[in-house]
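Text of target.cif (mmCIF, C-alpha atoms) as supplied:
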data_entry
loop_
_atom_site.group_PDB
_atom_site.id
_atom_site.type_symbol
_atom_site.label_atom_id
_atom_site.label_comp_id
_atom_site.auth_asym_id
_atom_site.auth_seq_id
_atom_site.Cartn_x
_atom_site.Cartn_y
_atom_site.Cartn_z
ATOM 1 C CA MET A 1 48.582 72.805 82.724
ATOM 2 C CA ARG A 2 50.068 75.024 80.029
ATOM 3 C CA VAL A 3 53.390 76.503 81.123
ATOM 4 C CA LEU A 4 55.656 79.076 79.470
ATOM 5 C CA ILE A 5 59.283 78.806 80.555
ATOM 6 C CA LEU A 6 61.502 81.798 79.853
ATOM 7 C CA GLY A 7 64.832 80.055 79.625
ATOM 8 C CA GLY A 8 68.376 80.012 78.326
ATOM 9 C CA THR A 9 69.973 78.873 81.593
ATOM 10 C CA THR A 10 71.084 75.661 83.278
ATOM 11 C CA GLU A 11 68.075 76.025 85.597
ATOM 12 C CA ALA A 12 65.698 76.099 82.625
ATOM 13 C CA SER A 13 67.310 72.955 81.197
ATOM 14 C CA ALA A 14 66.977 71.135 84.513
ATOM 15 C CA LEU A 15 63.376 72.299 84.810
ATOM 16 C CA VAL A 16 62.216 70.997 81.425
ATOM 17 C CA LYS A 17 63.879 67.630 82.051
ATOM 18 C CA GLY A 18 61.964 67.172 85.302
ATOM 19 C CA LEU A 19 58.506 68.287 84.180
ATOM 20 C CA ASP A 20 55.435 66.219 84.999
ATOM 21 C CA PRO A 21 53.951 64.578 81.854
ATOM 22 C CA ARG A 22 50.685 66.425 82.546
ATOM 23 C CA ILE A 23 52.388 69.754 81.804
ATOM 24 C CA ASP A 24 52.287 71.169 78.291
ATOM 25 C CA ALA A 25 55.386 73.366 78.278
ATOM 26 C CA THR A 26 56.834 75.858 75.833
ATOM 27 C CA LEU A 27 60.424 76.975 76.300
ATOM 28 C CA SER A 28 61.216 80.491 75.085
ATOM 29 C CA LEU A 29 64.786 81.476 74.190
ATOM 30 C CA ALA A 30 66.010 84.963 73.362
ATOM 31 C CA GLY A 31 67.889 83.785 70.272
ATOM 32 C CA ARG A 32 71.274 85.212 71.212
ATOM 33 C CA THR A 33 73.138 82.015 70.310
ATOM 34 C CA SER A 34 72.995 80.534 66.823
ATOM 35 C CA ALA A 35 73.004 76.918 68.018
ATOM 36 C CA PRO A 36 71.086 76.687 71.311
ATOM 37 C CA LYS A 37 71.050 73.461 73.240
ATOM 38 C CA ARG A 38 68.145 71.249 72.154
ATOM 39 C CA GLU A 39 65.541 70.604 74.831
ATOM 40 C CA PRO A 40 62.763 67.959 75.036
ATOM 41 C CA VAL A 41 59.873 70.461 74.861
ATOM 42 C CA SER A 42 58.358 72.799 72.301
ATOM 43 C CA THR A 43 60.771 75.703 71.822
ATOM 44 C CA ARG A 44 60.258 79.207 70.462
ATOM 45 C CA ILE A 45 63.104 81.606 69.698
ATOM 46 C CA GLY A 46 63.011 85.387 69.708
ATOM 47 C CA GLY A 47 61.417 88.247 71.600
ATOM 48 C CA PHE A 48 57.732 88.887 72.259
ATOM 49 C CA GLY A 49 57.628 92.626 71.625
ATOM 50 C CA GLY A 50 57.810 93.914 75.177
ATOM 51 C CA ALA A 51 55.385 93.361 78.032
ATOM 52 C CA GLU A 52 52.331 93.977 75.815
ATOM 53 C CA GLY A 53 53.479 91.430 73.257
ATOM 54 C CA LEU A 54 54.206 88.878 75.956
ATOM 55 C CA ALA A 55 50.794 89.444 77.550
ATOM 56 C CA ALA A 56 49.123 88.925 74.166
ATOM 57 C CA TRP A 57 51.099 85.716 73.571
ATOM 58 C CA ILE A 58 50.178 84.392 77.022
ATOM 59 C CA ALA A 59 46.482 85.073 76.405
ATOM 60 C CA GLU A 60 46.494 83.694 72.850
ATOM 61 C CA ASN A 61 48.171 80.463 73.927
ATOM 62 C CA ARG A 62 46.035 80.062 77.076
ATOM 63 C CA ILE A 63 49.069 79.892 79.364
ATOM 64 C CA ASP A 64 48.320 78.993 82.990
ATOM 65 C CA VAL A 65 51.756 79.579 84.522
ATOM 66 C CA VAL A 66 54.932 81.451 83.557
ATOM 67 C CA ILE A 67 58.309 80.404 84.940
ATOM 68 C CA ASP A 68 61.026 83.047 84.655
ATOM 69 C CA ALA A 69 64.213 80.979 84.460
ATOM 70 C CA THR A 70 66.246 83.609 82.630
ATOM 71 C CA HIS A 71 69.808 84.702 83.311
ATOM 72 C CA PRO A 72 70.355 86.849 86.428
ATOM 73 C CA PHE A 73 71.361 89.756 84.155
ATOM 74 C CA ALA A 74 68.302 89.469 81.879
ATOM 75 C CA ALA A 75 66.510 92.250 83.723
ATOM 76 C CA ARG A 76 64.330 93.437 80.835
ATOM 77 C CA ILE A 77 62.550 90.141 80.175
ATOM 78 C CA SER A 78 62.036 89.658 83.915
ATOM 79 C CA ARG A 79 60.348 93.054 84.127
ATOM 80 C CA ASN A 80 58.251 92.294 81.062
ATOM 81 C CA ALA A 81 57.210 88.931 82.517
ATOM 82 C CA ALA A 82 56.083 90.550 85.772
ATOM 83 C CA LEU A 83 54.046 93.184 83.916
ATOM 84 C CA ALA A 84 52.539 90.688 81.467
ATOM 85 C CA CYS A 85 51.498 88.264 84.199
ATOM 86 C CA GLU A 86 49.989 91.088 86.234
ATOM 87 C CA ARG A 87 47.946 92.220 83.228
ATOM 88 C CA THR A 88 46.737 88.730 82.326
ATOM 89 C CA GLY A 89 46.263 87.397 85.864
ATOM 90 C CA VAL A 90 48.579 84.477 85.157
ATOM 91 C CA ALA A 91 50.706 82.993 87.954
ATOM 92 C CA LEU A 92 54.428 83.810 87.765
ATOM 93 C CA LEU A 93 57.334 82.095 89.501
ATOM 94 C CA ALA A 94 60.941 83.201 89.122
ATOM 95 C CA ILE A 95 64.023 81.069 89.615
ATOM 96 C CA ARG A 96 66.468 83.467 91.249
ATOM 97 C CA ARG A 97 69.940 82.007 91.432
ATOM 98 C CA PRO A 98 71.791 83.247 94.551
ATOM 99 C CA ALA A 99 74.696 85.548 93.708
ATOM 100 C CA TRP A 100 78.249 84.564 94.629
ATOM 101 C CA GLU A 101 79.486 85.908 97.921
ATOM 102 C CA ARG A 102 82.979 87.168 98.629
ATOM 103 C CA ARG A 103 85.171 84.651 100.467
ATOM 104 C CA GLN A 104 88.457 84.981 102.308
ATOM 105 C CA GLY A 105 91.210 85.467 99.736
ATOM 106 C CA ASP A 106 88.975 87.008 97.064
ATOM 107 C CA ARG A 107 90.362 90.235 95.602
ATOM 108 C CA TRP A 108 87.145 91.671 94.248
ATOM 109 C CA THR A 109 86.358 95.124 92.979
ATOM 110 C CA GLU A 110 82.563 95.205 92.785
ATOM 111 C CA VAL A 111 80.955 97.586 90.292
ATOM 112 C CA GLU A 112 77.436 98.385 89.123
ATOM 113 C CA THR A 113 77.987 98.739 85.374
ATOM 114 C CA MET A 114 80.296 97.609 82.602
ATOM 115 C CA SER A 115 81.510 101.201 82.190
ATOM 116 C CA GLU A 116 82.646 101.134 85.801
ATOM 117 C CA ALA A 117 84.369 97.808 85.127
ATOM 118 C CA VAL A 118 86.401 99.444 82.338
ATOM 119 C CA LEU A 119 87.531 102.216 84.674
ATOM 120 C CA ALA A 120 88.439 99.691 87.372
ATOM 121 C CA LEU A 121 91.109 98.210 85.074
ATOM 122 C CA GLY A 122 93.184 101.387 85.406
ATOM 123 C CA GLU A 123 95.505 103.049 82.908
ATOM 124 C CA THR A 124 98.438 100.626 83.156
ATOM 125 C CA PRO A 125 98.300 97.977 80.386
ATOM 126 C CA ARG A 126 97.243 94.543 81.663
ATOM 127 C CA ARG A 127 96.265 91.153 80.296
ATOM 128 C CA VAL A 128 92.515 91.107 80.867
ATOM 129 C CA PHE A 129 90.320 88.010 80.752
ATOM 130 C CA LEU A 130 86.753 88.999 79.822
ATOM 131 C CA THR A 131 83.963 86.515 80.561
ATOM 132 C CA ILE A 132 80.960 88.792 80.224
ATOM 133 C CA GLY A 133 79.313 87.461 77.056
ATOM 134 C CA ARG A 134 79.683 89.061 73.640
ATOM 135 C CA LEU A 135 76.970 91.723 73.904
ATOM 136 C CA GLU A 136 78.836 94.046 76.275
ATOM 137 C CA VAL A 137 82.483 93.665 75.261
ATOM 138 C CA GLY A 138 82.282 96.870 73.228
ATOM 139 C CA ALA A 139 82.501 98.921 76.422
ATOM 140 C CA PHE A 140 86.191 97.996 76.673
ATOM 141 C CA ALA A 141 87.053 99.648 73.347
ATOM 142 C CA THR A 142 87.550 102.839 75.375
ATOM 143 C CA ALA A 143 90.558 101.202 77.061
ATOM 144 C CA PRO A 144 92.614 99.897 74.095
ATOM 145 C CA GLN A 145 95.887 99.815 76.030
ATOM 146 C CA HIS A 146 95.084 96.388 77.503
ATOM 147 C CA ASP A 147 95.537 92.913 76.021
ATOM 148 C CA TYR A 148 92.096 91.271 75.970
ATOM 149 C CA ILE A 149 91.317 87.572 76.088
ATOM 150 C CA VAL A 150 87.595 87.099 75.462
ATOM 151 C CA ARG A 151 85.777 83.822 76.004
ATOM 152 C CA ALA A 152 82.248 83.548 74.634
ATOM 153 C CA ILE A 153 79.890 81.013 73.060
ATOM 154 C CA GLU A 154 79.463 83.087 69.886
ATOM 155 C CA PRO A 155 82.120 85.011 67.901
ATOM 156 C CA ILE A 156 82.257 88.673 68.920
ATOM 157 C CA GLY A 157 83.005 89.896 65.390
ATOM 158 C CA ASP A 158 84.098 93.536 65.372
ATOM 159 C CA ALA A 159 82.399 94.369 68.695
ATOM 160 C CA LEU A 160 85.738 95.045 70.432
ATOM 161 C CA PRO A 161 88.068 96.990 68.087
ATOM 162 C CA VAL A 162 91.332 96.959 70.042
ATOM 163 C CA PRO A 163 94.906 96.253 68.907
ATOM 164 C CA ARG A 164 95.423 93.097 70.959
ATOM 165 C CA LEU A 165 92.483 90.710 71.158
ATOM 166 C CA THR A 166 92.338 86.936 71.520
ATOM 167 C CA GLU A 167 88.973 85.209 71.055
ATOM 168 C CA ILE A 168 88.181 81.824 72.580
ATOM 169 C CA ALA A 169 84.937 80.093 71.655
ATOM 170 C CA ALA A 170 83.766 77.821 74.464
ATOM 171 C CA ARG A 171 80.651 76.793 76.358
ATOM 172 C CA GLY A 172 80.731 76.007 80.109
ATOM 173 C CA PRO A 173 80.727 74.588 82.643
ATOM 174 C CA PHE A 174 84.388 75.172 83.511
ATOM 175 C CA GLY A 175 85.952 73.559 86.581
ATOM 176 C CA GLU A 176 88.388 75.210 88.971
ATOM 177 C CA ALA A 177 91.404 73.121 87.950
ATOM 178 C CA ALA A 178 90.893 73.819 84.247
ATOM 179 C CA GLU A 179 90.408 77.513 84.943
ATOM 180 C CA MET A 180 93.599 77.683 87.002
ATOM 181 C CA THR A 181 95.520 76.165 84.111
ATOM 182 C CA PHE A 182 93.897 78.565 81.670
ATOM 183 C CA LEU A 183 94.651 81.665 83.736
ATOM 184 C CA ALA A 184 98.246 80.617 84.316
ATOM 185 C CA GLU A 185 98.997 79.597 80.715
ATOM 186 C CA ARG A 186 97.512 82.834 79.348
ATOM 187 C CA TRP A 187 99.393 84.986 81.861
ATOM 188 C CA ILE A 188 96.170 86.664 82.942
ATOM 189 C CA ASP A 189 96.606 89.736 85.189
ATOM 190 C CA ILE A 190 92.956 90.410 85.987
ATOM 191 C CA LEU A 191 89.530 88.843 85.430
ATOM 192 C CA VAL A 192 86.380 90.784 84.510
ATOM 193 C CA THR A 193 83.097 88.957 84.967
ATOM 194 C CA LYS A 194 79.481 89.242 86.049
ATOM 195 C CA ASN A 195 78.212 87.956 89.376
ATOM 196 C CA SER A 196 75.950 85.407 87.728
ATOM 197 C CA GLY A 197 75.855 83.012 90.680
ATOM 198 C CA GLY A 198 75.509 79.234 90.425
ATOM 199 C CA PRO A 199 78.127 76.511 90.118
ATOM 200 C CA ALA A 200 78.484 76.300 86.314
ATOM 201 C CA THR A 201 80.916 79.214 85.960
ATOM 202 C CA TYR A 202 82.180 79.568 89.514
ATOM 203 C CA GLY A 203 85.425 77.782 88.612
ATOM 204 C CA LYS A 204 87.023 81.009 87.360
ATOM 205 C CA ILE A 205 86.226 82.760 90.659
ATOM 206 C CA ALA A 206 87.766 79.952 92.694
ATOM 207 C CA ALA A 207 90.764 79.801 90.352
ATOM 208 C CA ALA A 208 91.389 83.549 90.612
ATOM 209 C CA ARG A 209 91.234 83.267 94.401
ATOM 210 C CA ALA A 210 93.726 80.383 94.416
ATOM 211 C CA LEU A 211 96.124 82.291 92.159
ATOM 212 C CA GLY A 212 95.716 85.587 94.009
ATOM 213 C CA LEU A 213 94.384 87.373 90.926
ATOM 214 C CA PRO A 214 92.175 90.473 91.171
ATOM 215 C CA VAL A 215 88.603 90.258 89.871
ATOM 216 C CA VAL A 216 86.382 93.079 88.651
ATOM 217 C CA ILE A 217 82.860 91.780 89.189
ATOM 218 C CA VAL A 218 79.624 93.405 88.073
ATOM 219 C CA ARG A 219 76.754 93.161 90.540
ATOM 220 C CA PRO A 220 73.492 91.667 89.234
ATOM 221 C CA PRO A 221 70.683 94.101 88.410
ATOM 222 C CA ASP A 222 67.545 94.458 90.477
ATOM 223 C CA LYS A 223 64.646 92.197 89.488
ATOM 224 C CA PRO A 224 60.901 92.537 90.141
ATOM 225 C CA ASP A 225 59.631 91.409 93.534
ATOM 226 C CA VAL A 226 57.720 88.233 92.605
ATOM 227 C CA ASP A 227 57.333 84.739 94.035
ATOM 228 C CA SER A 228 60.664 82.988 93.614
ATOM 229 C CA VAL A 229 62.716 79.884 94.349
ATOM 230 C CA SER A 230 66.464 79.388 94.171
ATOM 231 C CA ASP A 231 66.677 76.430 91.783
ATOM 232 C CA ALA A 232 64.879 74.130 89.347
ATOM 233 C CA GLU A 233 64.007 71.651 92.090
ATOM 234 C CA GLY A 234 62.087 74.364 93.914
ATOM 235 C CA ALA A 235 60.220 75.280 90.729
ATOM 236 C CA LEU A 236 59.309 71.631 90.082
ATOM 237 C CA ALA A 237 57.957 71.297 93.625
ATOM 238 C CA TRP A 238 55.917 74.497 93.144
ATOM 239 C CA LEU A 239 54.459 73.151 89.883
ATOM 240 C CA ARG A 240 53.611 69.777 91.453
ATOM 241 C CA GLU A 241 51.740 71.526 94.230
ATOM 242 C CA ARG A 242 49.667 73.496 91.718
ATOM 243 C CA LEU A 243 48.958 70.369 89.680
ATOM 244 C CA ASN A 244 47.702 68.489 92.696
ATOM 245 C CA HIS A 245 45.299 71.190 93.898
#
Show the structure stored in the file as structure tokens.
Amino acid sequence: MRVLILGGTTEASALVKGLDPRIDATLSLAGRTSAPKREPVSTRIGGFGGAEGLAAWIAENRIDVVIDATHPFAARISRNAALACERTGVALLAIRRPAWERRQGDRWTEVETMSEAVLALGETPRRVFLTIGRLEVGAFATAPQHDYIVRAIEPIGDALPVPRLTEIAARGPFGEAAEMTFLAERWIDILVTKNSGGPATYGKIAAARALGLPVVIVRPPDKPDVDSVSDAEGALAWLRERLNH
């Protein structure tokens, strides 16, 4: 069985490690990080050229199954995968990580877009911890009165031109205890993040709750309605069933 895995997540990493030896897998990464984690399967980096390009690649490489294990906020590639698989008649399974749910003590302001997240900070200057990745930090340039602490895997360069900016290069996972220490030592007033779900980055949510800090949280975008499972284990079981029939 020839399988294309659209990855870049912890679920994709767990999936490739558990694959049956009978599966010939290719892992596709978007190329947004300069030093991606090495995986034990053939890996390609970069886009396909939209749904048409992906469909052509699937046909050319005689792919039998596509697994969409992309980030919850990677809506475009998920849409392209659904369209490409529909056009080529190839089976598609998505790993859809459940979003975090509000718990007692959470002080969340839920928003739909990053522009709304900027507005939710208000006019009064605050120390803002941004954990939204480097691609969308530029939205906060319209609110330069705040002190920004940005944590990302890659340097953000000049994407956020504000007077007071602290960059922290780091790759998760981050535990609750470490995040509590971080938030306290940096005198953070408010956290801005995406509702990405999963345990790897939940520590900051739990830490903010424990410290009574407000959180501006962006809801995940809608994804295509396709067959899905919640984790890598579910995807592996789905693949085993197809192999054995």
Inset, instruction - List the residues matched by the PyMOL selection byres ((chain A and resi 195-204) around 8) in the displayed structure as JSON, numbers by chain, ordered by chain and then by residue number. - result: {"A": [71, 72, 73, 97, 98, 99, 100, 172, 173, 174, 175, 176, 177, 179, 180, 193, 194, 205, 206, 207, 208, 217, 218, 219, 220]}
Inset, instruction - Go through A:His146, A:Pro155, A:Arg44, A:Pro224 and flag the residue nearest Glu86 (chain A), using all atoms listed in the file for the distances. - result: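 Smallest distance to Glu86 (chain A) is found for A:Pro224.
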Inset, instruction - Using CA of Thr43 (chain A) and CA of Ala75 (chain A) as the two end points, give the distance in Å to one decimal. - result: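 Atom-to-atom, CA of Thr43 (chain A) to CA of Ala75 (chain A), that is 21.2 Å.
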Legend entry - Selected residue, from A:Val229, A:Ile58, A:Leu121, A:Val150, that lies nearest to Ala170 (chain A) when counting only C-alpha atoms: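 Checking each candidate against Ala170 (chain A), we get A:Val150 as the closest.
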Legend entry - Top pick for closest residue to Gly53 (chain A), considering A:Leu19, A:Ile67, A:Ile77, A:Ala12 and counting only C-alpha atoms: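 Looking at the shortest contact to Gly53 (chain A), the residue is A:Ile77.
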Residue rebuild result region 51-62 of chain A, all heavy atoms as a JSON list (two decimals), keeping the file's coordinate frame:
[["chain", "number", "residue", "atom", "x", "y", "z"],
["A", 51, "ALA", "N", 56.37, 93.92, 77.10],
["A", 51, "ALA", "CA", 55.38, 93.36, 78.03],
["A", 51, "ALA", "C", 54.03, 93.17, 77.37],
["A", 51, "ALA", "O", 53.34, 92.15, 77.61],
["A", 51, "ALA", "CB", 55.25, 94.27, 79.25],
["A", 52, "GLU", "N", 53.63, 94.10, 76.49],
["A", 52, "GLU", "CA", 52.33, 93.98, 75.82],
["A", 52, "GLU", "C", 52.31, 92.77, 74.89],
["A", 52, "GLU", "O", 51.32, 92.03, 74.85],
["A", 52, "GLU", "CB", 52.02, 95.26, 75.04],
["A", 52, "GLU", "CG", 51.71, 96.45, 75.94],
["A", 52, "GLU", "CD", 51.29, 97.66, 75.13],
["A", 52, "GLU", "OE1", 51.14, 97.53, 73.89],
["A", 52, "GLU", "OE2", 51.11, 98.73, 75.73],
["A", 53, "GLY", "N", 53.41, 92.58, 74.15],
["A", 53, "GLY", "CA", 53.48, 91.43, 73.26],
["A", 53, "GLY", "C", 53.48, 90.12, 74.01],
["A", 53, "GLY", "O", 52.84, 89.14, 73.58],
["A", 54, "LEU", "N", 54.19, 90.09, 75.14],
["A", 54, "LEU", "CA", 54.21, 88.88, 75.96],
["A", 54, "LEU", "C", 52.83, 88.60, 76.54],
["A", 54, "LEU", "O", 52.37, 87.45, 76.55],
["A", 54, "LEU", "CB", 55.24, 89.02, 77.07],
["A", 54, "LEU", "CG", 55.36, 87.85, 78.06],
["A", 54, "LEU", "CD1", 55.58, 86.53, 77.34],
["A", 54, "LEU", "CD2", 56.49, 88.12, 79.06],
["A", 55, "ALA", "N", 52.14, 89.62, 77.01],
["A", 55, "ALA", "CA", 50.79, 89.44, 77.55],
["A", 55, "ALA", "C", 49.86, 88.89, 76.48],
["A", 55, "ALA", "O", 49.04, 87.99, 76.75],
["A", 55, "ALA", "CB", 50.27, 90.77, 78.10],
["A", 56, "ALA", "N", 49.96, 89.41, 75.26],
["A", 56, "ALA", "CA", 49.12, 88.92, 74.17],
["A", 56, "ALA", "C", 49.42, 87.46, 73.85],
["A", 56, "ALA", "O", 48.50, 86.66, 73.61],
["A", 56, "ALA", "CB", 49.33, 89.80, 72.93],
["A", 57, "TRP", "N", 50.72, 87.10, 73.86],
["A", 57, "TRP", "CA", 51.10, 85.72, 73.57],
["A", 57, "TRP", "C", 50.57, 84.78, 74.66],
["A", 57, "TRP", "O", 50.07, 83.69, 74.37],
["A", 57, "TRP", "CB", 52.62, 85.61, 73.47],
["A", 57, "TRP", "CG", 53.10, 84.34, 72.85],
["A", 57, "TRP", "CD1", 53.42, 84.13, 71.54],
["A", 57, "TRP", "CD2", 53.32, 83.09, 73.52],
["A", 57, "TRP", "NE1", 53.81, 82.83, 71.35],
["A", 57, "TRP", "CE2", 53.76, 82.17, 72.54],
["A", 57, "TRP", "CE3", 53.18, 82.65, 74.82],
["A", 57, "TRP", "CZ2", 54.06, 80.84, 72.84],
["A", 57, "TRP", "CZ3", 53.47, 81.33, 75.14],
["A", 57, "TRP", "CH2", 53.92, 80.44, 74.15],
["A", 58, "ILE", "N", 50.68, 85.19, 75.91],
["A", 58, "ILE", "CA", 50.18, 84.39, 77.02],
["A", 58, "ILE", "C", 48.68, 84.15, 76.88],
["A", 58, "ILE", "O", 48.19, 83.02, 77.05],
["A", 58, "ILE", "CB", 50.49, 85.10, 78.36],
["A", 58, "ILE", "CG1", 52.00, 85.02, 78.66],
["A", 58, "ILE", "CG2", 49.68, 84.50, 79.51],
["A", 58, "ILE", "CD1", 52.43, 85.89, 79.83],
["A", 59, "ALA", "N", 47.93, 85.21, 76.55],
["A", 59, "ALA", "CA", 46.48, 85.07, 76.40],
["A", 59, "ALA", "C", 46.12, 84.20, 75.20],
["A", 59, "ALA", "O", 45.26, 83.32, 75.29],
["A", 59, "ALA", "CB", 45.85, 86.46, 76.27],
["A", 60, "GLU", "N", 46.79, 84.43, 74.08],
["A", 60, "GLU", "CA", 46.49, 83.69, 72.85],
["A", 60, "GLU", "C", 46.76, 82.21, 73.01],
["A", 60, "GLU", "O", 46.04, 81.37, 72.46],
["A", 60, "GLU", "CB", 47.32, 84.26, 71.70],
["A", 60, "GLU", "CG", 47.09, 83.58, 70.36],
["A", 60, "GLU", "CD", 47.96, 84.17, 69.27],
["A", 60, "GLU", "OE1", 48.49, 85.28, 69.46],
["A", 60, "GLU", "OE2", 48.09, 83.52, 68.22],
["A", 61, "ASN", "N", 47.79, 81.87, 73.76],
["A", 61, "ASN", "CA", 48.17, 80.46, 73.93],
["A", 61, "ASN", "C", 47.62, 79.85, 75.21],
["A", 61, "ASN", "O", 48.01, 78.73, 75.57],
["A", 61, "ASN", "CB", 49.69, 80.34, 73.89],
["A", 61, "ASN", "CG", 50.27, 80.59, 72.51],
["A", 61, "ASN", "OD1", 50.35, 79.70, 71.69],
["A", 61, "ASN", "ND2", 50.63, 81.85, 72.24],
["A", 62, "ARG", "N", 46.74, 80.56, 75.89],
["A", 62, "ARG", "CA", 46.04, 80.06, 77.08],
["A", 62, "ARG", "C", 47.02, 79.51, 78.12],
["A", 62, "ARG", "O", 46.85, 78.41, 78.64],
["A", 62, "ARG", "CB", 45.00, 79.00, 76.70],
["A", 62, "ARG", "CG", 43.99, 79.50, 75.69],
["A", 62, "ARG", "CD", 42.84, 78.53, 75.48],
["A", 62, "ARG", "NE", 43.30, 77.20, 75.13],
["A", 62, "ARG", "CZ", 43.65, 76.82, 73.91],
["A", 62, "ARG", "NH1", 43.62, 77.70, 72.91],
["A", 62, "ARG", "NH2", 44.04, 75.59, 73.66]]
